[in-house]
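Inspection log for the structure reproduced underneath, given as structure tokens.
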Amino acid sequence: MTRDIEKMTDYEVVQSVLKGNKDDFEELIKRYKNLVFAVIHRMTADYDEANDTAQEVFIKVYKNLDKYNSEYKFSTWIIRITTNHIIDLRRRKKQETVPIDEIEFGISGGGSPEDKYVKEESSRELFKLIEELPEIYRVPLLLYHKDGLSYLEIADKTNESMSKVKNRIFRGRKLLKENLLKEGIGNGLL
């Protein structure tokens with residue numbers, strides 16, 4: 001009897017892999033590679049890093065397939081692993097993950113070279129302060145303000161409740177504003 005793996009549910013594919021049909025894991029990769037890549041790319045804004053990180057995520061998924069709980073959607077589980085993996089990478093690297101040139105702050109438009117310099121310098125300082133925020137506030141803030149995700153989308157991607165997401169964005173903004181005022185660059189940015 002032949003089987004059509006494409007018609008199998010995610011849970012059935014997981015069970016098949018766990019029973020020794022390791023090649024069936026390719027089906028899960030095929031189903032979720034775009035989702036995993038999109039989540040990583042949104043959080044890192046680096047195409048090459050997103051490709052490399054996606055491979056690392058699928059290795060982690062493969063090694064932890066036995067921990068998958070079928071009560072939850074596989075997509076939710078894989079997004080959670082992806083998000084946690086990126087957070088872990090950021091903690092280890094302690095580097096900027098979004099190029100400052102890609103974040104726009106302040107008033108747009110022309111202006112003198114001095115105005116442009118002041119705006120760019122303020123943006124650098126602001127981004128530096130964002131990167132110094134605790135991870136639980138920084139990730140939702142960037143997902144909301146930089147990537148334009150809704151509270152619901154952020155809650156889904158981080159596997160947190162919507163009230164927790166709203167609370168973290170609120171507290172993150174408050175912390176950022178306090179830090180901006182301490183640095184003397186808070187006027188007009190928030």
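Chain labels A, B, ... are given in the sequence in which chains occur in the structure tokens; within each chain residues are numbered consecutively from 1, and ligands are likewise numbered from 1 in the order shown.
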Can you list, as an MDAnalysis selection string, every protein, DNA or RNA residue that comes within 10 Å of region 134-146 of chain A when you count only C-alpha atoms, leaving out same-chain residues fewer than 6 positions away?
chainID A and resid 39 42:43 83 87:88 90:91 98 102:104 153:155 157:158 165:173 175:176
In chain A, DSSP alpha helix (DSSP H) residues written as JSON, numbers by chain
{"A": [10, 11, 12, 13, 14, 15, 16, 17, 18, 25, 26, 27, 28, 29, 30, 31, 32, 33, 34, 35, 36, 37, 38, 39, 40, 41, 42, 43, 44, 47, 48, 49, 50, 51, 52, 53, 54, 55, 56, 57, 58, 59, 60, 61, 62, 63, 74, 75, 76, 77, 78, 79, 80, 81, 82, 83, 84, 85, 86, 87, 88, 89, 90, 91, 92, 93, 113, 114, 115, 116, 117, 118, 119, 120, 121, 122, 123, 124, 125, 126, 127, 128, 129, 130, 131, 132, 135, 136, 137, 138, 139, 140, 141, 151, 152, 153, 154, 155, 156, 157, 158, 162, 163, 164, 165, 166, 167, 168, 169, 170, 171, 172, 173, 174, 175, 176, 177, 178, 179, 180, 181, 182, 183]}
Just want the 9 Å neighbourhood of Leu35 (chain A), counted on only C-alpha atoms, with same-chain residues fewer than 3 positions away dropped. Output as a list in words.
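That gives Arg31, Tyr32, Ala38, Val39, Ile40, Ser75, Ile78 and Ile79 of chain A.
When only C-alpha atoms are used to compute distances to Glu27 (chain A), the closest of the residues A:Lys67, A:Lys7, A:Lys177, A:Lys182 turns out to be A:Lys7.
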Just to confirm, what's the straight-line distance from CA of Asn34 (chain A) to CA of Leu18 (chain A) in Å (one decimal)?
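Atom-to-atom, CA of Asn34 (chain A) and CA of Leu18 (chain A) are spaced 23.3 Å apart.
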Kindly give the distance, in Å, that separates CA of Leu65 (chain A) and CA of Val14 (chain A), rounded to a single decimal.
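Atom-to-atom, CA of Leu65 (chain A) and CA of Val14 (chain A) are spaced 6.7 Å apart.
Considering the residues A:Ser163, A:Thr82, A:Ser70, A:Asn179 and counting only C-alpha atoms, Thr9 (chain A) has its shortest atom-to-atom contact with A:Ser70.
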Quick one: pull the distance between CA of Ile81 (chain A) and CA of Glu131 (chain A), Å, one decimal.
21.7 Å
Just checking: using only C-alpha atoms, which residue out of A:Ser123, A:Asn64, A:Asn69, A:Asn159 ends up closest to Asn84 (chain A)?
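That would be A:Asn159, the residue with the smallest distance to Asn84 (chain A).
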